[in-house]
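**Student:** mmCIF, C-alpha atoms, saved as model-v9.cif, coming up:
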data_target
#
loop_
_atom_site.label_atom_id
_atom_site.label_comp_id
_atom_site.auth_asym_id
_atom_site.auth_seq_id
_atom_site.Cartn_x
_atom_site.Cartn_y
_atom_site.Cartn_z
CA MET A 1 0.00 0.00 0.00
CA ILE A 2 1.45 3.36 -1.07
CA ARG A 3 1.43 5.94 1.72
CA ALA A 4 0.56 9.41 0.37
CA LEU A 5 0.83 12.74 2.13
CA ILE A 6 -1.41 15.48 0.70
CA THR A 7 -0.76 19.05 1.78
CA GLY A 8 -3.90 21.13 1.51
CA GLY A 9 -5.76 17.86 1.83
CA ALA A 10 -8.97 19.42 3.17
CA GLY A 11 -9.14 21.87 0.28
CA PHE A 12 -11.26 21.62 -2.83
CA ILE A 13 -8.78 19.72 -5.00
CA GLY A 14 -7.01 18.05 -2.07
CA SER A 15 -10.17 16.43 -0.75
CA HIS A 16 -11.05 15.07 -4.19
CA LEU A 17 -7.50 13.76 -4.60
CA SER A 18 -7.79 12.08 -1.18
CA GLU A 19 -10.91 10.26 -2.35
CA GLN A 20 -9.31 9.32 -5.66
CA LEU A 21 -6.22 7.81 -4.02
CA LEU A 22 -8.16 5.98 -1.32
CA LYS A 23 -10.39 4.45 -3.98
CA ASN A 24 -7.26 3.20 -5.73
CA GLY A 25 -5.67 1.51 -2.73
CA TYR A 26 -3.49 4.25 -1.22
CA HIS A 27 -3.12 5.12 2.45
CA VAL A 28 -3.69 8.89 2.70
CA THR A 29 -2.62 11.46 5.27
CA ALA A 30 -3.98 14.98 4.74
CA ILE A 31 -2.56 18.10 6.35
CA ASP A 32 -4.37 21.44 6.18
CA ASN A 33 -4.46 24.58 8.32
CA LEU A 34 -8.08 25.21 7.23
CA SER A 35 -7.32 28.74 6.02
CA THR A 36 -9.19 27.94 2.81
CA GLY A 37 -9.80 24.22 3.27
CA ARG A 38 -12.82 22.90 5.18
CA LEU A 39 -13.24 19.91 7.48
CA GLN A 40 -16.60 19.17 5.87
CA ASN A 41 -14.72 18.39 2.63
CA ILE A 42 -13.16 15.31 4.26
CA GLU A 43 -15.77 14.38 6.84
CA GLY A 44 -16.96 11.53 4.61
CA LEU A 45 -13.47 9.99 4.85
CA ALA A 46 -13.17 10.11 8.64
CA ASN A 47 -14.14 6.47 9.17
CA ASP A 48 -11.86 5.09 6.47
CA PRO A 49 -9.06 3.18 8.23
CA ASN A 50 -6.66 4.21 5.46
CA PHE A 51 -7.24 7.93 6.01
CA ARG A 52 -6.00 10.33 8.65
CA TYR A 53 -5.58 14.08 8.85
CA ALA A 54 -3.72 16.76 10.78
CA ILE A 55 -4.83 20.36 11.26
CA GLU A 56 -1.54 22.22 11.03
CA ASP A 57 0.43 24.70 8.94
CA ILE A 58 2.83 23.09 6.46
CA ARG A 59 5.57 25.45 7.65
CA ASN A 60 5.65 23.64 11.00
CA ILE A 61 8.85 21.74 10.31
CA HIS A 62 8.47 19.35 13.24
CA VAL A 63 5.05 18.09 12.12
CA ILE A 64 6.08 17.95 8.46
CA ASP A 65 9.23 16.01 9.32
CA ARG A 66 7.23 13.30 11.04
CA LEU A 67 4.57 13.07 8.33
CA VAL A 68 7.10 12.96 5.49
CA SER A 69 9.12 10.28 7.26
CA GLU A 70 5.97 8.15 7.36
CA CYS A 71 4.96 8.52 3.71
CA ASP A 72 6.17 7.27 0.33
CA ILE A 73 5.03 10.16 -1.86
CA ILE A 74 4.00 13.78 -1.31
CA PHE A 75 1.31 15.68 -3.20
CA HIS A 76 1.97 19.33 -2.39
CA LEU A 77 -1.24 21.26 -3.06
CA ALA A 78 -1.27 23.66 -0.11
CA ALA A 79 -1.08 27.31 -1.21
CA ALA A 80 -2.70 30.69 -0.88
CA VAL A 81 -5.28 30.70 -3.69
CA GLY A 82 -8.02 32.86 -5.17
CA VAL A 83 -7.72 36.31 -6.73
CA ARG A 84 -9.60 38.00 -3.88
CA ASN A 85 -7.45 36.27 -1.27
CA ILE A 86 -4.24 37.16 -3.12
CA ILE A 87 -5.13 40.83 -3.44
CA ASP A 88 -6.30 41.18 0.16
CA ARG A 89 -3.42 39.22 1.74
CA PRO A 90 -0.28 39.54 -0.41
CA ILE A 91 2.15 38.90 2.48
CA ASN A 92 0.43 35.63 3.32
CA THR A 93 0.41 34.65 -0.37
CA ILE A 94 4.16 35.02 -0.77
CA GLU A 95 5.16 33.55 2.59
CA VAL A 96 2.86 30.52 2.41
CA ASN A 97 3.58 29.66 -1.21
CA ILE A 98 7.36 29.99 -1.10
CA GLY A 99 7.96 29.07 2.55
CA GLY A 100 5.64 26.08 2.43
CA THR A 101 7.22 24.66 -0.71
CA GLU A 102 10.72 25.19 0.71
CA THR A 103 9.76 23.24 3.85
CA ILE A 104 8.31 20.37 1.79
CA LEU A 105 11.32 20.12 -0.52
CA LYS A 106 13.89 20.25 2.30
CA THR A 107 12.06 17.55 4.22
CA ALA A 108 11.49 15.40 1.13
CA SER A 109 15.21 15.59 0.38
CA ARG A 110 16.01 14.40 3.91
CA TYR A 111 13.98 11.22 3.39
CA ARG A 112 14.36 10.92 -0.41
CA ARG A 113 10.62 11.08 -1.03
CA ARG A 114 9.00 11.69 -4.38
CA VAL A 115 7.18 15.03 -4.59
CA LEU A 116 4.44 16.28 -6.93
CA ILE A 117 3.94 20.03 -6.74
CA ALA A 118 0.87 21.92 -7.90
CA SER A 119 1.63 25.12 -9.80
CA THR A 120 -0.68 27.35 -11.79
CA SER A 121 -1.44 28.67 -15.25
CA GLU A 122 -0.98 32.13 -13.72
CA VAL A 123 2.76 31.58 -14.20
CA TYR A 124 2.27 32.16 -17.93
CA GLY A 125 1.24 35.73 -17.09
CA LYS A 126 0.48 37.88 -20.12
CA GLY A 127 1.59 35.25 -22.61
CA VAL A 128 0.33 35.82 -26.14
CA SER A 129 1.21 32.51 -27.78
CA PHE A 130 -1.72 30.06 -27.63
CA PRO A 131 -2.18 27.42 -26.46
CA PHE A 132 0.26 27.79 -23.57
CA ARG A 133 3.06 25.22 -23.69
CA GLU A 134 5.19 24.21 -20.76
CA ASP A 135 8.41 25.63 -22.27
CA ASP A 136 6.89 28.99 -23.29
CA ASP A 137 8.38 32.23 -22.04
CA THR A 138 6.41 33.92 -19.25
CA LEU A 139 5.52 37.61 -18.91
CA SER A 140 4.35 38.99 -15.56
CA GLY A 141 3.08 42.41 -14.62
CA PRO A 142 4.81 45.01 -12.44
CA THR A 143 5.72 44.27 -8.83
CA LEU A 144 3.73 47.35 -7.80
CA ARG A 145 0.56 45.30 -8.33
CA SER A 146 -0.05 42.58 -5.74
CA ARG A 147 -2.15 40.75 -8.31
CA TRP A 148 1.09 39.28 -9.69
CA SER A 149 2.47 38.03 -6.35
CA TYR A 150 0.73 34.66 -6.73
CA ALA A 151 2.21 33.98 -10.18
CA ALA A 152 5.66 35.09 -9.05
CA SER A 153 5.58 32.98 -5.89
CA LYS A 154 4.52 29.87 -7.80
CA ALA A 155 7.24 30.49 -10.39
CA ILE A 156 9.77 30.54 -7.53
CA ASP A 157 8.29 27.23 -6.33
CA GLU A 158 8.96 25.76 -9.77
CA PHE A 159 12.53 27.07 -9.89
CA LEU A 160 13.18 25.69 -6.41
CA ALA A 161 11.76 22.25 -7.23
CA PHE A 162 13.80 21.96 -10.42
CA ALA A 163 16.91 23.07 -8.50
CA TYR A 164 16.41 20.23 -6.00
CA HIS A 165 16.03 17.82 -8.89
CA ALA A 166 19.10 19.12 -10.74
CA GLU A 167 21.45 19.37 -7.75
CA ILE A 168 20.51 16.38 -5.59
CA ASP A 169 18.35 14.31 -7.94
CA LEU A 170 15.22 14.68 -5.83
CA PRO A 171 12.34 13.01 -7.74
CA VAL A 172 9.99 15.92 -8.39
CA THR A 173 7.13 16.43 -10.83
CA LEU A 174 5.35 19.74 -11.37
CA PHE A 175 1.98 20.45 -12.91
CA ARG A 176 0.25 23.71 -13.79
CA LEU A 177 -3.50 23.71 -13.17
CA PHE A 178 -5.88 25.67 -15.40
CA ASN A 179 -9.10 26.78 -13.65
CA THR A 180 -10.10 23.55 -11.94
CA VAL A 181 -13.77 23.51 -10.94
CA GLY A 182 -16.31 21.11 -9.46
CA PRO A 183 -18.34 20.25 -6.36
CA ARG A 184 -17.02 21.64 -3.04
CA GLN A 185 -15.32 24.66 -4.57
CA VAL A 186 -16.31 27.86 -2.79
CA GLY A 187 -16.53 31.34 -4.23
CA GLN A 188 -15.50 33.48 -1.28
CA TYR A 189 -11.88 33.75 -2.47
CA GLY A 190 -12.77 34.87 -5.97
CA MET A 191 -13.49 31.56 -7.75
CA VAL A 192 -15.83 32.47 -10.57
CA VAL A 193 -17.97 29.36 -11.18
CA PRO A 194 -19.26 28.80 -7.62
CA ARG A 195 -20.04 32.52 -7.32
CA PHE A 196 -22.03 32.45 -10.54
CA VAL A 197 -23.88 29.29 -9.49
CA ARG A 198 -24.86 30.64 -6.07
CA TRP A 199 -26.13 33.88 -7.60
CA ALA A 200 -28.06 31.97 -10.25
CA LEU A 201 -29.72 29.64 -7.75
CA ALA A 202 -30.75 32.62 -5.63
CA ASN A 203 -32.01 34.49 -8.75
CA GLU A 204 -29.64 37.33 -7.88
CA PRO A 205 -27.70 39.36 -10.48
CA ILE A 206 -24.66 37.48 -11.80
CA GLN A 207 -21.72 39.89 -11.70
CA VAL A 208 -19.25 39.52 -14.56
CA TYR A 209 -16.04 41.49 -14.03
CA GLY A 210 -14.65 43.52 -16.92
CA ASP A 211 -16.26 43.19 -20.34
CA GLY A 212 -16.85 39.44 -20.02
CA GLN A 213 -14.90 38.59 -23.17
CA GLN A 214 -12.01 36.97 -21.27
CA GLN A 215 -11.55 33.41 -22.54
CA ARG A 216 -10.98 30.56 -20.07
CA CYS A 217 -10.92 26.75 -19.97
CA PHE A 218 -12.51 25.06 -16.95
CA GLY A 219 -11.26 21.58 -16.06
CA ASN A 220 -13.45 19.17 -14.10
CA VAL A 221 -11.88 18.24 -10.76
CA TYR A 222 -12.56 14.52 -11.27
CA ASP A 223 -10.57 14.62 -14.52
CA VAL A 224 -7.81 16.65 -12.87
CA VAL A 225 -7.21 14.33 -9.91
CA GLY A 226 -7.02 11.42 -12.31
CA ALA A 227 -4.26 13.22 -14.16
CA ILE A 228 -2.38 13.92 -10.92
CA GLN A 229 -2.50 10.25 -9.92
CA GLY A 230 -1.37 9.25 -13.40
CA LEU A 231 1.69 11.48 -13.12
CA ALA A 232 2.47 10.09 -9.67
CA GLU A 233 2.54 6.56 -11.07
CA SER A 234 4.75 7.40 -14.06
CA ASP A 235 8.53 7.34 -13.71
CA CYS A 236 8.88 9.28 -16.96
CA ALA A 237 7.18 12.25 -15.29
CA ILE A 238 10.05 12.75 -12.83
CA GLY A 239 11.86 16.02 -13.46
CA GLU A 240 9.11 17.27 -15.77
CA LEU A 241 6.41 19.96 -15.86
CA TYR A 242 2.91 19.39 -17.25
CA ASN A 243 -0.19 21.43 -17.98
CA ILE A 244 -3.43 19.96 -16.62
CA GLY A 245 -6.73 21.41 -17.77
CA SER A 246 -9.52 21.43 -20.28
CA ASN A 247 -9.09 22.89 -23.75
CA GLU A 248 -12.80 23.74 -24.13
CA GLU A 249 -12.76 27.54 -24.25
CA VAL A 250 -15.57 29.80 -23.11
CA SER A 251 -15.88 33.53 -22.47
CA ILE A 252 -16.79 34.57 -18.94
CA LEU A 253 -19.96 36.22 -20.26
CA GLU A 254 -20.98 33.01 -22.04
CA LEU A 255 -20.14 31.06 -18.87
CA ALA A 256 -22.56 33.23 -16.91
CA GLN A 257 -25.26 32.68 -19.53
CA ARG A 258 -24.75 28.91 -19.55
CA ILE A 259 -24.86 28.71 -15.76
CA ARG A 260 -28.03 30.80 -15.68
CA ASP A 261 -29.67 28.55 -18.27
CA ARG A 262 -28.64 25.27 -16.66
CA ALA A 263 -29.74 26.48 -13.22
CA ASP A 264 -33.09 27.54 -14.73
CA SER A 265 -32.49 30.94 -13.18
CA ALA A 266 -34.15 34.31 -13.62
CA SER A 267 -30.92 36.16 -12.79
CA THR A 268 -29.83 39.16 -14.80
CA ILE A 269 -26.19 39.49 -15.85
CA GLU A 270 -24.30 42.65 -14.88
CA LEU A 271 -20.90 43.86 -16.07
CA VAL A 272 -18.82 45.24 -13.19
CA PRO A 273 -15.56 47.18 -13.80
CA TYR A 274 -12.47 45.56 -12.31
CA GLU A 275 -11.68 48.70 -10.28
CA GLN A 276 -15.08 48.44 -8.60
CA ALA A 277 -14.87 44.68 -8.07
CA TYR A 278 -11.39 44.59 -6.53
CA GLN A 279 -11.02 48.15 -5.22
CA GLN A 280 -7.63 48.28 -6.91
CA PRO A 281 -6.85 50.81 -9.66
CA GLY A 282 -5.31 49.36 -12.81
CA PHE A 283 -6.21 45.73 -12.08
CA GLU A 284 -4.84 43.49 -14.85
CA ASP A 285 -6.44 40.31 -16.10
CA PHE A 286 -5.66 37.79 -18.84
CA ARG A 287 -7.66 38.04 -22.05
CA ARG A 288 -7.19 34.38 -22.89
CA ARG A 289 -5.87 31.31 -21.13
CA VAL A 290 -5.84 27.90 -22.82
CA PRO A 291 -3.45 24.98 -22.19
CA SER A 292 -1.66 22.71 -24.55
CA ILE A 293 -2.16 19.22 -23.13
CA GLU A 294 -0.07 17.44 -25.73
CA LYS A 295 2.78 16.74 -23.29
CA ILE A 296 0.68 15.03 -20.62
CA ARG A 297 -1.25 13.11 -23.26
CA ALA A 298 2.02 11.77 -24.67
CA ALA A 299 3.39 10.94 -21.22
CA ILE A 300 0.46 9.11 -19.59
CA GLY A 301 -2.32 9.09 -22.19
CA TRP A 302 -4.48 11.53 -20.20
CA GLN A 303 -7.02 13.93 -21.62
CA PRO A 304 -10.14 15.54 -20.11
CA THR A 305 -13.43 13.75 -20.72
CA THR A 306 -16.05 15.87 -18.97
CA PRO A 307 -17.82 18.58 -21.04
CA LEU A 308 -18.26 21.97 -19.38
CA ASP A 309 -22.06 21.68 -19.28
CA ASP A 310 -21.77 18.41 -17.34
CA THR A 311 -19.39 20.09 -14.90
CA ILE A 312 -21.82 22.99 -14.45
CA ASP A 313 -24.61 20.49 -13.74
CA GLN A 314 -22.48 18.83 -11.05
CA ILE A 315 -21.81 22.17 -9.35
CA VAL A 316 -25.43 23.28 -9.60
CA ALA A 317 -26.58 20.01 -7.99
CA TYR A 318 -23.99 20.40 -5.22
CA TYR A 319 -25.08 23.94 -4.37
CA GLN A 320 -28.76 23.11 -4.62
CA ASN A 321 -28.18 20.55 -1.88
CA GLU A 322 -26.07 23.00 0.15
CA MET A 323 -28.48 25.92 -0.15
CA TYR A 324 -31.77 24.02 -0.15
CA PRO A 325 -31.19 20.62 1.56
CA ALA A 326 -34.05 18.14 1.38
#
Would you write the structure of this file as structure tokens?
**Tutor:**
Amino acid sequence: MIRALITGGAGFIGSHLSEQLLKNGYHVTAIDNLSTGRLQNIEGLANDPNFRYAIEDIRNIHVIDRLVSECDIIFHLAAAVGVRNIIDRPINTIEVNIGGTETILKTASRYRRRVLIASTSEVYGKGVSFPFREDDDTLSGPTLRSRWSYAASKAIDEFLAFAYHAEIDLPVTLFRLFNTVGPRQVGQYGMVVPRFVRWALANEPIQVYGDGQQQRCFGNVYDVVGAIQGLAESDCAIGELYNIGSNEEVSILELAQRIRDRADSASTIELVPYEQAYQQPGFEDFRRRVPSIEKIRAAIGWQPTTPLDDTIDQIVAYYQNEMYPA
């Protein structure tokens, strides 16, 4: 039985990954400080004898040392996430993302553990070559804008992980996630789909920031955790970086319309200027973000299988149960 440690294991993606690995015969330990994760995400796993969890910050080196010594592989998902969270708490974003990854890598090197590290499509920044490929140049905005602190901190995580691999042959794999969505994701930190769904179910105005013509690809969390497990079980993925996401593009305005329709909602759709939404002059956003998934397809044969409308239906059903339980 493979013993997995998942940082951020009570989070949206971490809890789904916990379920995925348990279903496939792993023993799972989750660690989460519950800053954005929720105990209710893993409450259904509490009675599984192959699951345990710790409520603690990943920068606590004493706790991490013990947990890493007891595992075979680490899935490092813990991070400060969400545009709203990043803008409101830039110090926390930088310290958690860089400091947490440093702690994980140092401890993994002590026990020679394999590490998979979650990065983000934000690293591509203002890239203009589509679809984004793993070896593309990146272009970030000015350091005066805290909006870019998340991308910069995750880029440092990538540099650090590859340095550990190059200098001491630590078995690391990195993956950049593109707008992962699904049941259990919350909207309070700026995640767009759960916010739209909650507004639609309440028949409240759906607020679309900017002009709504930004193009995005939304990957279903069940597809994504399958990809992560596939990379973990592939030796050829060691020392490599992969995009994980859907390549079904949609504008944010069209996304709002599709959510309204599939929720059978009477909501109106309102365009809200970025400056009003984030209370930050000169807020910068990406006009288009779409991944190339050729590399991961070639490596492990993975590709997304869930259409966006099916994903929306899953999220609508989840929030209907949360907001209006039977």
**Student:** Residues near Ser153 in chain A, anyone? I mean within 9 Å using only C-alpha atoms, not counting same-chain ones fewer than 2 positions away, as a PyMOL selection string.
**Tutor:** chain A and resi 93-95+97-98+123+148-151+155-158
**Student:** Check which residues satisfy the PyMOL selection byres ((chain A and resi 186) around 12) in the file shown, then give them as number ranges by chain.
**Tutor:** A: 11-13, 36-38, 41, 81-82, 180-185, 187-198, 315, 318-319, 322
**Student:** Give me the residues within 7 Å of Val316 in chain A as a ChimeraX atom specification, counting only C-alpha atoms and dropping any in the same chain fewer than 4 places off.
**Tutor:** /A:197,263,312,320
**Student:** Could you tell me, as a ChimeraX atom specification, which residues have any atom at most 8 Å from (-2.0, 22.1, -27.2), counting all atoms listed in the file?
**Tutor:** /A:130-133,247,291-294
**Student:** Calculate how many Å separate CA of Trp302 in chain A from CA of Ala227 in chain A, rounding to one decimal.
**Tutor:**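 For CA of Trp302 in chain A relative to CA of Ala227 in chain A, the distance reads 6.3 Å.
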**Student:** Output the residue selection produced by the PyMOL selection byres ((chain A and resi 242) around 7) on the file above, formatted as a ChimeraX atom specification.
**Tutor:** /A:134,174-176,240-241,243-244,295-296
**Student:** Selection from above, C-alpha atoms, as a PDB file, keeping the file's coordinate frame, can you write it?
**Tutor:**
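Dumped everything to result.pdb:
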ATOM      1  CA  GLU A 134       5.190  24.210 -20.760  1.00  0.00           C
ATOM      2  CA  LEU A 174       5.350  19.740 -11.370  1.00  0.00           C
ATOM      3  CA  PHE A 175       1.980  20.450 -12.910  1.00  0.00           C
ATOM      4  CA  ARG A 176       0.250  23.710 -13.790  1.00  0.00           C
ATOM      5  CA  GLU A 240       9.110  17.270 -15.770  1.00  0.00           C
ATOM      6  CA  LEU A 241       6.410  19.960 -15.860  1.00  0.00           C
ATOM      7  CA  ASN A 243      -0.190  21.430 -17.980  1.00  0.00           C
ATOM      8  CA  ILE A 244      -3.430  19.960 -16.620  1.00  0.00           C
ATOM      9  CA  LYS A 295       2.780  16.740 -23.290  1.00  0.00           C
ATOM     10  CA  ILE A 296       0.680  15.030 -20.620  1.00  0.00           C
TER      11      ILE A 296
END
**Student:** Pull out every residue that the PyMOL selection byres ((chain A and resi 206) around 6) matches in the shown coordinates and put them as an MDAnalysis selection string.
**Tutor:** chainID A and resid 196 199 205 207 269
**Student:** For CA of Thr103 in chain A and CA of Ala152 in chain A, determine how far apart the two atoms are, in Å to one decimal place.
**Tutor:**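 Between CA of Thr103 in chain A and CA of Ala152 in chain A the gap is 18.0 Å.
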**Student:** Residues around (-18.7, 44.8, -12.6), cut-off 6 Å, counting all atoms listed in the file - what are they as a list in words?
**Tutor:**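 The residues near that point, listed by chain and number, are Gln207, Val208, Tyr209, Leu271, Val272, Pro273 and Ala277 of chain A.
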**Student:** Between CA of His76 in chain A and CA of Asp309 in chain A, what distance in Å does the model show, to one decimal?
**Tutor:**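 Between these atoms lies a distance of 29.5 Å.
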**Student:** If we count all atoms listed in the file, what is near Arg59 in chain A at a cut-off of 12 Å, once residues fewer than 5 positions away on the same chain are taken out, given as a ChimeraX atom specification?
**Tutor:** /A:7,31-33,64-65,78-79,95-107
**Student:** Which residues, written as a PyMOL selection string, have at least one atom at most 12 Å from Val28 in chain A, with only C-alpha atoms counted and residues fewer than 5 positions away on the same chain left out?
**Tutor:** chain A and resi 1-7+9-10+14-23+42+45-46+48-54+67-68+70-75
**Student:** Select, from A:Arg216, A:Lys154, A:Arg112, A:Arg147, the residue with the minimum atom-to-atom distance to Pro171 in chain A, counting only C-alpha atoms.
**Tutor:**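 The answer is A:Arg112, which sits nearest to Pro171 in chain A.
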**Student:** Quick one: of A:Thr268, A:Thr306, A:Gln229, A:Gln276, who's nearest to Gly25 in chain A, counting all atoms listed in the file?
**Tutor:** A:Gln229
**Student:** Env of Cys217 in chain A: 7 Å cut, atoms = all atoms listed in the file, seq-sep filter 3 positions within chain, self excluded. Answer as a VMD selection string.
**Tutor:** chain A and resid 178 to 179 246 to 250 289 to 290
**Student:** Go ahead and save the picked residues with C-alpha atoms, as a short mmCIF file (atom, residue, chain, number, x, y, z; two decimals), in the frame of the given file.
**Tutor:**
data_model
loop_
_atom_site.label_atom_id
_atom_site.label_comp_id
_atom_site.auth_asym_id
_atom_site.auth_seq_id
_atom_site.Cartn_x
_atom_site.Cartn_y
_atom_site.Cartn_z
CA PHE A 178 -5.88 25.67 -15.40
CA ASN A 179 -9.10 26.78 -13.65
CA SER A 246 -9.52 21.43 -20.28
CA ASN A 247 -9.09 22.89 -23.75
CA GLU A 248 -12.80 23.74 -24.13
CA GLU A 249 -12.76 27.54 -24.25
CA VAL A 250 -15.57 29.80 -23.11
CA ARG A 289 -5.87 31.31 -21.13
CA VAL A 290 -5.84 27.90 -22.82
#
**Student:** Nearest to Leu170 in chain A: which of A:Ile91, A:Leu39, A:Leu255, A:Ala108 is it, counting all atoms listed in the file?
**Tutor:**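 Closest residue, counting all atoms listed in the file: A:Ala108.
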**Student:** Measuring atom to atom with all atoms listed in the file, identify which of A:Pro307, A:Ala299, A:Arg262, A:Glu270 is nearest to Tyr222 in chain A.
**Tutor:**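 For Tyr222 in chain A, the nearest of the given residues is A:Pro307.
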